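**Q** If it helps, the file is called upload_8.tsv and holds TSV, C-alpha atoms:
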```
chain	number	residue	atom	x	y	z
F	30	MET	CA	-72.17	18.86	69.81
F	31	THR	CA	-72.68	21.10	66.77
F	32	SER	CA	-69.35	22.76	66.08
F	33	VAL	CA	-68.67	25.51	63.54
F	34	VAL	CA	-66.88	23.00	61.32
F	35	GLN	CA	-69.85	20.60	61.28
F	36	VAL	CA	-72.33	23.33	60.43
F	37	SER	CA	-69.99	24.70	57.81
F	38	TRP	CA	-69.70	21.57	55.63
F	39	ALA	CA	-73.44	20.92	55.80
F	40	ARG	CA	-74.26	24.51	54.89
F	41	GLU	CA	-71.86	24.38	51.94
F	42	VAL	CA	-73.46	21.15	50.68
F	43	CYS	CA	-76.88	22.77	50.91
F	44	ARG	CA	-75.67	25.86	49.08
F	45	GLY	CA	-74.69	23.55	46.25
F	46	LEU	CA	-78.17	21.98	46.20
F	47	ALA	CA	-79.80	25.40	46.09
F	48	ALA	CA	-77.52	26.52	43.24
F	49	LEU	CA	-78.59	23.41	41.29
F	50	GLU	CA	-82.26	24.33	41.90
F	51	CYS	CA	-82.83	21.02	43.64
F	52	ARG	CA	-85.97	21.53	45.72
F	53	GLU	CA	-86.76	17.92	46.62
F	54	VAL	CA	-84.63	15.85	49.00
F	55	VAL	CA	-85.63	12.27	49.82
F	56	TRP	CA	-83.65	10.70	52.64
F	57	VAL	CA	-83.10	7.77	54.95
F	58	PRO	CA	-81.60	8.75	58.32
F	59	ASP	CA	-77.93	8.82	59.27
F	60	ASN	CA	-76.35	10.86	62.07
F	61	PRO	CA	-74.25	13.25	59.94
F	62	LEU	CA	-77.24	13.88	57.69
F	63	SER	CA	-78.94	15.59	60.65
F	64	HIS	CA	-76.57	18.52	60.04
F	65	VAL	CA	-77.65	18.71	56.41
F	66	LEU	CA	-81.32	18.55	57.37
F	67	ARG	CA	-80.82	21.31	59.94
F	68	ALA	CA	-78.98	23.48	57.42
F	69	LEU	CA	-81.78	22.93	54.89
F	70	GLU	CA	-84.37	23.93	57.46
F	71	GLN	CA	-82.44	27.07	58.46
F	72	ASP	CA	-81.11	28.31	55.14
F	73	HIS	CA	-83.39	26.79	52.47
F	74	PRO	CA	-86.98	26.47	53.69
F	75	ASP	CA	-88.11	26.19	50.05
F	76	ILE	CA	-86.43	22.76	49.76
F	77	ARG	CA	-88.85	19.95	50.71
F	78	THR	CA	-87.47	16.96	52.61
F	79	THR	CA	-89.25	13.59	52.54
F	80	ILE	CA	-88.23	10.64	54.68
F	81	ALA	CA	-88.41	7.14	53.15
F	82	THR	CA	-88.49	3.82	54.99
F	83	ARG	CA	-85.70	2.30	52.90
F	84	GLU	CA	-83.14	3.53	50.41
F	85	GLU	CA	-84.55	1.66	47.41
F	86	GLU	CA	-87.90	3.31	48.10
F	87	ALA	CA	-86.17	6.70	48.25
F	88	PHE	CA	-84.78	6.19	44.74
F	89	GLY	CA	-88.27	5.25	43.52
F	90	ILE	CA	-89.78	8.43	44.98
F	91	ALA	CA	-86.92	10.50	43.55
F	92	ALA	CA	-87.43	8.97	40.09
F	93	GLY	CA	-91.11	9.96	40.27
F	94	LEU	CA	-90.15	13.48	41.31
F	95	TYR	CA	-87.89	13.72	38.27
F	96	LEU	CA	-90.62	12.43	35.93
F	97	GLY	CA	-92.85	15.15	37.41
F	98	GLY	CA	-90.34	17.87	36.56
F	99	ALA	CA	-88.20	18.18	39.71
F	100	ARG	CA	-84.42	17.79	40.21
F	101	PRO	CA	-84.28	15.26	43.03
F	102	VAL	CA	-81.65	14.48	45.64
F	103	VAL	CA	-81.38	11.26	47.66
F	104	MET	CA	-79.43	11.28	50.95
F	105	LEU	CA	-78.38	7.97	52.46
F	106	GLN	CA	-75.68	6.20	54.44
F	107	SER	CA	-73.22	4.06	52.46
F	108	SER	CA	-74.78	0.87	53.86
F	109	GLY	CA	-78.02	1.87	52.17
F	110	LEU	CA	-76.41	1.84	48.74
F	111	GLY	CA	-76.61	-1.94	49.03
F	112	ASN	CA	-80.39	-1.64	49.39
F	113	SER	CA	-80.60	0.47	46.25
F	114	ILE	CA	-78.60	-1.28	43.56
F	115	ASN	CA	-81.44	-2.71	41.47
F	116	ALA	CA	-83.34	0.58	41.57
F	117	LEU	CA	-80.26	2.46	40.37
F	118	ALA	CA	-79.64	-0.12	37.63
F	119	SER	CA	-83.12	-0.91	36.29
F	120	LEU	CA	-84.75	2.47	36.92
F	121	ASN	CA	-82.22	5.30	36.96
F	122	VAL	CA	-79.64	3.96	34.53
F	123	ALA	CA	-82.00	2.03	32.21
F	124	PHE	CA	-84.56	4.85	31.89
F	125	GLU	CA	-81.92	7.64	31.97
F	126	ILE	CA	-83.43	9.18	35.10
F	127	PRO	CA	-80.91	11.39	36.92
F	128	VAL	CA	-80.61	11.79	40.68
F	129	LEU	CA	-78.02	13.52	42.85
F	130	MET	CA	-76.87	11.21	45.63
F	131	LEU	CA	-75.36	12.40	48.92
F	132	VAL	CA	-73.80	9.37	50.60
F	133	THR	CA	-72.40	9.55	54.14
F	134	MET	CA	-69.51	7.09	54.27
F	135	ARG	CA	-69.07	4.37	56.87
F	136	GLY	CA	-66.18	1.95	57.10
F	137	GLY	CA	-62.52	2.83	56.64
F	138	ASP	CA	-60.20	4.37	59.24
F	139	GLY	CA	-61.90	5.23	62.49
F	140	GLU	CA	-64.88	2.94	61.95
F	141	TRP	CA	-65.77	1.20	65.20
F	142	ASN	CA	-68.36	-1.16	63.72
F	143	PRO	CA	-66.75	-4.03	61.78
F	144	THR	CA	-69.98	-4.87	59.95
F	145	GLN	CA	-69.74	-1.51	58.18
F	146	GLN	CA	-66.34	-2.29	56.62
F	147	PRO	CA	-67.35	-4.60	53.73
F	148	MET	CA	-70.07	-2.32	52.36
F	149	GLY	CA	-67.91	0.74	52.93
F	150	ARG	CA	-65.20	-0.84	50.75
F	151	ALA	CA	-67.77	-1.86	48.12
F	152	VAL	CA	-69.33	1.57	47.55
F	153	ARG	CA	-66.93	2.84	44.88
F	154	PRO	CA	-66.65	-0.47	42.93
F	155	ILE	CA	-70.46	-0.74	42.89
F	156	LEU	CA	-70.85	2.79	41.57
F	157	ASP	CA	-68.09	2.17	39.01
F	158	SER	CA	-69.75	-1.03	37.80
F	159	LEU	CA	-73.00	0.88	37.19
F	160	GLU	CA	-71.00	3.68	35.51
F	161	ILE	CA	-72.28	6.17	38.08
F	162	PRO	CA	-69.72	8.98	38.50
F	163	HIS	CA	-68.74	9.82	42.06
F	164	SER	CA	-66.63	12.41	43.84
F	165	THR	CA	-65.54	12.46	47.45
F	166	ILE	CA	-66.06	15.54	49.62
F	167	GLU	CA	-63.44	15.78	52.35
F	168	SER	CA	-63.49	19.45	53.32
F	169	ALA	CA	-66.09	22.17	53.77
F	170	ASP	CA	-64.34	24.58	51.44
F	171	ARG	CA	-64.72	22.22	48.45
F	172	ALA	CA	-68.21	20.97	49.31
F	173	GLU	CA	-70.35	23.43	47.37
F	174	ALA	CA	-68.21	23.20	44.23
F	175	ILE	CA	-68.21	19.39	44.20
F	176	VAL	CA	-71.97	19.18	44.79
F	177	ARG	CA	-72.55	21.61	41.93
F	178	HIS	CA	-70.18	19.78	39.61
F	179	VAL	CA	-71.63	16.31	40.31
F	180	GLY	CA	-75.19	17.62	40.11
F	181	GLN	CA	-74.69	19.54	36.87
F	182	ARG	CA	-73.16	16.49	35.22
F	183	ALA	CA	-75.93	14.20	36.50
F	184	PHE	CA	-78.81	16.37	35.25
F	185	ALA	CA	-77.05	17.23	31.97
F	186	THR	CA	-76.23	13.61	31.13
F	187	ARG	CA	-79.39	12.09	32.70
F	188	ARG	CA	-77.46	9.69	34.88
F	189	PRO	CA	-77.18	9.42	38.65
F	190	GLY	CA	-74.20	11.14	40.25
F	191	ALA	CA	-72.86	10.57	43.76
F	192	CYS	CA	-71.14	12.82	46.28
F	193	LEU	CA	-69.43	10.66	48.89
F	194	LEU	CA	-69.27	12.54	52.20
F	195	ALA	CA	-66.08	11.48	54.01
F	196	ARG	CA	-66.07	11.07	57.77
F	197	ALA	CA	-63.30	13.70	57.96
F	198	LEU	CA	-66.09	16.25	57.49
F	199	TRP	CA	-67.59	15.52	60.90
F	200	GLY	CA	-64.16	15.10	62.46
F	201	GLU	CA	-64.35	11.49	63.51
F	202	ALA	CA	-61.58	9.92	61.41
F	203	GLY	CA	-59.50	7.84	63.77
F	204	SER	CA	-61.26	9.25	66.82
F	205	GLY	CA	-62.99	5.97	67.57
F	206	LYS	CA	-66.14	7.90	68.40
F	207	ARG	CA	-69.13	5.63	68.49
F	208	GLU	CA	-71.92	6.38	66.09
F	209	GLU	CA	-74.92	4.16	65.52
E	8	MET	CA	-113.17	-10.24	36.81
E	9	THR	CA	-109.74	-10.79	35.29
E	10	ARG	CA	-106.98	-8.20	35.59
E	11	LEU	CA	-107.29	-7.33	31.90
E	12	GLU	CA	-111.07	-6.84	32.23
E	13	ALA	CA	-110.50	-4.59	35.24
E	14	THR	CA	-107.78	-2.68	33.37
E	15	ARG	CA	-110.14	-2.14	30.43
E	16	ARG	CA	-112.81	-0.84	32.85
E	17	LEU	CA	-110.24	1.57	34.33
E	18	ARG	CA	-109.17	2.69	30.84
E	19	VAL	CA	-112.74	3.84	30.10
E	20	LEU	CA	-112.67	6.08	33.18
E	21	LEU	CA	-109.27	7.67	32.44
E	22	LYS	CA	-108.83	11.21	31.11
E	23	THR	CA	-105.49	12.98	31.69
E	24	GLU	CA	-104.30	10.91	34.66
E	25	ALA	CA	-100.68	9.76	34.80
E	26	VAL	CA	-100.67	5.96	35.07
E	27	ILE	CA	-97.66	4.00	36.38
E	28	ALA	CA	-97.75	0.24	35.80
E	29	SER	CA	-95.62	-2.24	37.71
E	30	LEU	CA	-93.47	-4.53	35.60
E	31	GLY	CA	-94.82	-7.68	34.00
E	32	HIS	CA	-98.51	-8.42	33.73
E	33	PRO	CA	-99.87	-5.10	35.08
E	34	ALA	CA	-97.85	-3.28	32.40
E	35	TYR	CA	-98.79	-5.77	29.65
E	36	ASP	CA	-102.51	-5.44	30.45
E	37	LEU	CA	-102.35	-1.64	30.58
E	38	PHE	CA	-100.73	-1.62	27.13
E	39	GLU	CA	-103.29	-4.10	25.80
E	40	ALA	CA	-106.18	-2.02	27.24
E	41	GLY	CA	-105.01	0.97	25.20
E	42	ASP	CA	-101.63	2.65	25.00
E	43	ARG	CA	-101.48	6.36	25.83
E	44	ALA	CA	-98.61	8.81	26.30
E	45	GLU	CA	-99.53	9.34	29.96
E	46	ASN	CA	-98.71	5.67	30.67
E	47	PHE	CA	-95.36	4.82	32.27
E	48	TYR	CA	-94.50	1.13	31.96
E	49	LEU	CA	-91.87	-0.36	34.26
E	50	TRP	CA	-89.63	-3.13	32.97
E	51	GLY	CA	-87.76	-3.76	36.22
E	52	SER	CA	-87.53	-2.33	39.76
E	53	MET	CA	-90.13	-4.68	41.23
E	54	GLY	CA	-91.86	-3.02	44.17
E	55	LEU	CA	-91.19	0.58	43.21
E	56	ALA	CA	-94.31	1.47	41.20
E	57	SER	CA	-96.06	2.97	44.25
E	58	SER	CA	-92.95	4.99	45.16
E	59	ILE	CA	-92.60	6.37	41.64
E	60	GLY	CA	-96.29	7.28	41.65
E	61	LEU	CA	-95.85	9.04	44.99
E	62	GLY	CA	-92.98	11.11	43.59
E	63	ILE	CA	-94.98	12.14	40.53
E	64	ALA	CA	-97.98	13.02	42.70
E	65	MET	CA	-95.72	15.22	44.87
E	66	ALA	CA	-94.16	17.00	41.89
E	67	GLN	CA	-97.48	17.40	40.03
E	68	PRO	CA	-100.11	18.21	42.66
E	69	GLY	CA	-102.55	19.35	39.97
E	70	ARG	CA	-102.61	16.00	38.17
E	71	ARG	CA	-104.24	12.78	39.30
E	72	VAL	CA	-101.77	9.86	39.47
E	73	VAL	CA	-102.84	6.21	39.26
E	74	VAL	CA	-100.45	3.37	40.17
E	75	LEU	CA	-101.18	-0.17	38.96
E	76	ASP	CA	-99.33	-2.45	41.36
E	77	GLY	CA	-99.50	-6.18	42.06
E	78	ASP	CA	-99.94	-7.93	45.38
E	79	GLY	CA	-96.48	-9.48	45.10
E	80	SER	CA	-94.78	-6.22	44.19
E	81	LEU	CA	-96.52	-4.21	46.92
E	82	LEU	CA	-95.47	-6.88	49.43
E	83	MET	CA	-91.88	-6.09	48.38
E	84	ASN	CA	-92.24	-2.45	49.42
E	85	LEU	CA	-94.85	-2.29	52.20
E	86	GLY	CA	-93.00	0.66	53.74
E	87	SER	CA	-94.28	2.64	50.76
E	88	LEU	CA	-97.76	2.56	52.32
E	89	ALA	CA	-96.41	4.25	55.45
E	90	THR	CA	-94.65	6.92	53.39
E	91	ILE	CA	-97.77	7.53	51.28
E	92	ALA	CA	-99.79	7.88	54.50
E	93	THR	CA	-97.24	10.38	55.87
E	94	VAL	CA	-96.99	12.51	52.72
E	95	ALA	CA	-100.74	12.07	52.12
E	96	PRO	CA	-100.92	13.27	48.50
E	97	PRO	CA	-104.61	13.93	47.72
E	98	ASN	CA	-104.05	13.18	44.01
E	99	LEU	CA	-102.74	9.60	44.35
E	100	LEU	CA	-104.67	6.38	43.70
E	101	LEU	CA	-102.84	3.11	44.32
E	102	LEU	CA	-104.70	0.28	42.59
E	103	VAL	CA	-103.48	-3.15	43.61
E	104	TRP	CA	-104.29	-6.04	41.27
E	105	ASP	CA	-104.48	-8.82	43.85
E	106	ASN	CA	-104.49	-12.19	42.09
E	107	GLU	CA	-102.91	-13.88	45.12
E	108	LEU	CA	-99.95	-15.07	43.07
E	109	TYR	CA	-96.74	-14.01	41.35
E	110	GLY	CA	-98.31	-14.06	37.89
E	111	THR	CA	-95.30	-12.89	35.88
E	112	THR	CA	-92.83	-15.33	37.42
E	113	GLY	CA	-94.73	-18.61	37.23
E	114	GLY	CA	-97.81	-18.35	39.42
E	115	GLN	CA	-96.31	-19.03	42.84
E	116	PRO	CA	-98.77	-18.08	45.65
E	117	THR	CA	-98.28	-14.80	47.54
E	118	ALA	CA	-99.09	-14.15	51.18
E	119	THR	CA	-102.51	-12.77	50.19
E	120	ALA	CA	-103.45	-16.32	49.18
E	121	GLU	CA	-103.01	-17.24	52.84
E	122	GLY	CA	-105.04	-14.35	54.21
E	123	SER	CA	-102.73	-11.31	54.28
E	124	ASP	CA	-104.98	-8.32	53.64
E	125	LEU	CA	-103.34	-5.40	51.82
E	126	ALA	CA	-106.26	-2.97	52.29
E	127	GLU	CA	-106.17	-3.58	56.04
E	128	ALA	CA	-102.39	-3.12	55.97
E	129	ALA	CA	-102.84	0.22	54.19
E	130	GLN	CA	-105.39	1.31	56.81
E	131	ALA	CA	-103.17	0.18	59.67
E	132	LEU	CA	-100.31	2.23	58.22
E	133	GLY	CA	-102.48	5.33	58.05
E	134	ILE	CA	-104.26	5.39	54.69
E	135	ARG	CA	-107.88	5.88	55.67
E	136	GLN	CA	-109.42	5.34	52.24
E	137	ALA	CA	-108.38	1.76	51.58
E	138	VAL	CA	-110.90	-0.80	50.32
E	139	THR	CA	-111.07	-4.23	48.73
E	140	VAL	CA	-113.38	-4.84	45.76
E	141	ARG	CA	-114.29	-8.06	43.92
E	142	GLU	CA	-117.17	-7.28	41.57
E	143	PRO	CA	-116.95	-5.21	38.36
E	144	GLU	CA	-119.75	-2.82	39.35
E	145	ALA	CA	-118.21	-2.12	42.76
E	146	PHE	CA	-114.84	-1.65	41.04
E	147	ASP	CA	-116.20	0.96	38.61
E	148	LYS	CA	-117.94	2.82	41.41
E	149	VAL	CA	-114.99	3.10	43.79
E	150	VAL	CA	-112.45	3.85	41.05
E	151	ASP	CA	-114.66	6.59	39.65
E	152	ARG	CA	-114.91	8.07	43.13
E	153	ALA	CA	-111.15	7.77	43.75
E	154	LEU	CA	-110.43	9.61	40.49
E	155	ARG	CA	-112.54	12.58	41.65
E	156	GLU	CA	-112.37	12.80	45.44
E	157	PRO	CA	-109.27	13.67	47.50
E	158	GLY	CA	-107.02	10.75	48.41
E	159	PRO	CA	-104.67	9.12	48.92
E	160	TRP	CA	-106.67	6.06	47.93
E	161	VAL	CA	-105.76	2.40	48.01
E	162	ILE	CA	-108.06	0.06	46.10
E	163	VAL	CA	-107.27	-3.63	46.28
E	164	ALA	CA	-109.04	-5.36	43.39
E	165	LYS	CA	-109.28	-9.14	43.66
E	166	VAL	CA	-108.70	-10.32	40.09
E	167	GLY	CA	-108.02	-13.45	38.09
E	168	GLU	CA	-105.07	-13.89	35.71
E	169	SER	CA	-105.46	-12.64	32.13
E	170	GLY	CA	-102.50	-14.04	30.17
E	171	THR	CA	-102.00	-11.06	27.88
E	172	ALA	CA	-99.50	-11.65	25.07
E	173	SER	CA	-98.82	-8.04	24.02
E	174	LYS	CA	-96.03	-6.04	25.58
E	175	PRO	CA	-95.21	-2.31	25.73
E	176	PRO	CA	-92.10	-1.04	23.90
E	177	LEU	CA	-88.74	-2.04	25.39
E	178	ASP	CA	-87.25	1.39	24.70
E	179	SER	CA	-87.31	2.70	28.30
E	180	PRO	CA	-85.85	6.17	27.60
E	181	MET	CA	-88.47	6.68	24.86
E	182	ILE	CA	-91.28	5.72	27.26
E	183	LYS	CA	-89.87	8.19	29.78
E	184	ARG	CA	-89.55	11.08	27.31
E	185	ARG	CA	-93.04	10.48	25.91
E	186	PHE	CA	-94.50	10.32	29.42
E	187	MET	CA	-92.77	13.49	30.63
E	188	ALA	CA	-93.87	15.44	27.56
E	189	ALA	CA	-97.47	14.21	28.00
E	190	ILE	CA	-97.69	15.37	31.62
E	191	GLY	CA	-96.29	18.80	30.85
E	192	CYS	CA	-92.62	18.52	31.82
E	193	PRO	CA	-90.65	17.70	28.66
E	194	GLU	CA	-86.94	17.00	29.18
```
Mind turning the file's structure into structure tokens?

**A**
Amino acid sequence: MTSVVQVSWAREVCRGLAALECREVVWVPDNPLSHVLRALEQDHPDIRTTIATREEEAFGIAAGLYLGGARPVVMLQSSGLGNSINALASLNVAFEIPVLMLVTMRGGDGEWNPTQQPMGRAVRPILDSLEIPHSTIESADRAEAIVRHVGQRAFATRRPGACLLARALWGEAGSGKREE
Amino acid sequence: MTRLEATRRLRVLLKTEAVIASLGHPAYDLFEAGDRAENFYLWGSMGLASSIGLGIAMAQPGRRVVVLDGDGSLLMNLGSLATIATVAPPNLLLLVWDNELYGTTGGQPTATAEGSDLAEAAQALGIRQAVTVREPEAFDKVVDRALREPGPWVIVAKVGESGTASKPPLDSPMIKRRFMAAIGCPE
């Protein structure tokens, strides 16, 4: 099922992480993130990946990694942003602890699961209310540049920054393909 | 042994360890026992002290990291024990002040008051070195060992409430900058 297009966007995202000198990725599983994990394994073996049991926990680990001198990344599905809000507010924003977020988007056109729609719609307003800048990545050719831009701003301003990965990247918009 | 007494006993054993204190009473007692730049005091994010400590231990493998958590806050993030077991950082000590109640929020009983055992939970999730201590002498002995021998360690200390009045500074970014500079990674 891995097409050239799928590999391409994931590899471009990872190129951006490497350019930012991010060597720590904490993640909670989502299907499209498998492509990113595979690209990291193939192209960037020096980047460590650590799985967390819950998104809020992932932000806690990432905050510790930053305090210890690393430039951390958290990868999560949009639903998991809801599990992370107090960590982002009372830890990242309050203590000025940056983190680069890669968020795979659910909801919207082509979403088969109606329970994903409310949180999918809420992602951007939640980030806006916490004054966390976000940019949406919709094509492989812009992926590296957006990751670099969001990451540079996050680490320079000591705030979280989010890259929202649109479902167009893995070619399922409107396809009705079932993903868990 | 109250939590403040236990914290003072820990303070005597500390050298250059990074210490992360969960919000509320664990942080107040750590400050009262003796402020130091290597202390990181949480003011929110209940449940995340052990996760933050794990991240620091991963990024700084050459430095010992001590987390002061509460029974209520660890119960909020039990998955952290599984992640700590998986990553298995040898330089991490998770000290749980188990007073069997939510001390900072009004003294409501936690599940440990009804028999939930956090050291057994840690062992079941894969942390081999997980013990419960009640007496001051046993506390000193196992903490001293956990600060020297490879971990990860989980020490559940059964403690009474202390009622400390002093509080660490509210300037969170200052606490962060001071902490990072003290452990060798200034911003």

**Q** Which residues, written as a count of residues only, have at least one atom at most 9 Å from F:Arg44, with only C-alpha atoms counted and residues fewer than 4 positions away on the same chain left out?

**A** 11

**Q** Do you know which residues lie at most 6 Å from (-86.3, -4.7, 39.3), with coordinates as in the file and only C-alpha atoms counted, and could you write them as JSON, numbers by chain?

**A** {"F": [115, 119], "E": [51, 52, 53]}

**Q** In Å, with one decimal, what is the gap from atom CA of E:Ala131 to atom CA of E:Gly60?

**A**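 For atom CA of E:Ala131 relative to atom CA of E:Gly60, the distance reads 20.6 Å.
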
**Q** Show me, as a PDB file with C-alpha atoms, in the frame of the given file, the residues of chain F whose atoms get within 7 Å of chain E, using only C-alpha atoms for the distance check.

**A**
```
ATOM      1  CA  ALA F  81     -88.410   7.140  53.150  1.00  0.00           C
ATOM      2  CA  THR F  82     -88.490   3.820  54.990  1.00  0.00           C
ATOM      3  CA  GLU F  86     -87.900   3.310  48.100  1.00  0.00           C
ATOM      4  CA  GLY F  89     -88.270   5.250  43.520  1.00  0.00           C
ATOM      5  CA  ILE F  90     -89.780   8.430  44.980  1.00  0.00           C
ATOM      6  CA  ALA F  91     -86.920  10.500  43.550  1.00  0.00           C
ATOM      7  CA  ALA F  92     -87.430   8.970  40.090  1.00  0.00           C
ATOM      8  CA  GLY F  93     -91.110   9.960  40.270  1.00  0.00           C
ATOM      9  CA  LEU F  94     -90.150  13.480  41.310  1.00  0.00           C
ATOM     10  CA  LEU F  96     -90.620  12.430  35.930  1.00  0.00           C
ATOM     11  CA  GLY F  97     -92.850  15.150  37.410  1.00  0.00           C
ATOM     12  CA  GLY F  98     -90.340  17.870  36.560  1.00  0.00           C
ATOM     13  CA  ALA F  99     -88.200  18.180  39.710  1.00  0.00           C
ATOM     14  CA  ASN F 115     -81.440  -2.710  41.470  1.00  0.00           C
ATOM     15  CA  ALA F 116     -83.340   0.580  41.570  1.00  0.00           C
ATOM     16  CA  SER F 119     -83.120  -0.910  36.290  1.00  0.00           C
ATOM     17  CA  LEU F 120     -84.750   2.470  36.920  1.00  0.00           C
ATOM     18  CA  ALA F 123     -82.000   2.030  32.210  1.00  0.00           C
ATOM     19  CA  PHE F 124     -84.560   4.850  31.890  1.00  0.00           C
ATOM     20  CA  GLU F 125     -81.920   7.640  31.970  1.00  0.00           C
TER      21      GLU F 125
END
```

**Q** Please return as a list of chain:residue names every residue within 10 Å of (-67.2, -1.3, 58.5), taking into account all atoms listed in the file and the file's own coordinates.

**A**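 Here the neighbourhood of the point contains F:Ser108, F:Met134, F:Arg135, F:Gly136, F:Gly137, F:Asp138, F:Gly139, F:Glu140, F:Trp141, F:Asn142, F:Pro143, F:Thr144, F:Gln145, F:Gln146, F:Pro147, F:Met148, F:Gly149, F:Arg150.
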
**Q** Filtering to C-alpha atoms, could you give me those residues as a PDB file, in the coordinates of the input?

**A**
```pdb
ATOM      1  CA  SER F 108     -74.780   0.870  53.860  1.00  0.00           C
ATOM      2  CA  MET F 134     -69.510   7.090  54.270  1.00  0.00           C
ATOM      3  CA  ARG F 135     -69.070   4.370  56.870  1.00  0.00           C
ATOM      4  CA  GLY F 136     -66.180   1.950  57.100  1.00  0.00           C
ATOM      5  CA  GLY F 137     -62.520   2.830  56.640  1.00  0.00           C
ATOM      6  CA  ASP F 138     -60.200   4.370  59.240  1.00  0.00           C
ATOM      7  CA  GLY F 139     -61.900   5.230  62.490  1.00  0.00           C
ATOM      8  CA  GLU F 140     -64.880   2.940  61.950  1.00  0.00           C
ATOM      9  CA  TRP F 141     -65.770   1.200  65.200  1.00  0.00           C
ATOM     10  CA  ASN F 142     -68.360  -1.160  63.720  1.00  0.00           C
ATOM     11  CA  PRO F 143     -66.750  -4.030  61.780  1.00  0.00           C
ATOM     12  CA  THR F 144     -69.980  -4.870  59.950  1.00  0.00           C
ATOM     13  CA  GLN F 145     -69.740  -1.510  58.180  1.00  0.00           C
ATOM     14  CA  GLN F 146     -66.340  -2.290  56.620  1.00  0.00           C
ATOM     15  CA  PRO F 147     -67.350  -4.600  53.730  1.00  0.00           C
ATOM     16  CA  MET F 148     -70.070  -2.320  52.360  1.00  0.00           C
ATOM     17  CA  GLY F 149     -67.910   0.740  52.930  1.00  0.00           C
ATOM     18  CA  ARG F 150     -65.200  -0.840  50.750  1.00  0.00           C
TER      19      ARG F 150
END
```

**Q** At what distance in Å, to one decimal, does atom CA of F:Ile166 lie from atom CA of F:Arg182?

**A**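 Computing it gives 16.1 Å between the two atoms.
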
**Q** Can you measure atom CA of F:Trp38 to atom CA of F:Met104 for me? One decimal in Å is fine.

**A**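 Atom CA of F:Trp38 sits 14.9 Å away from atom CA of F:Met104.
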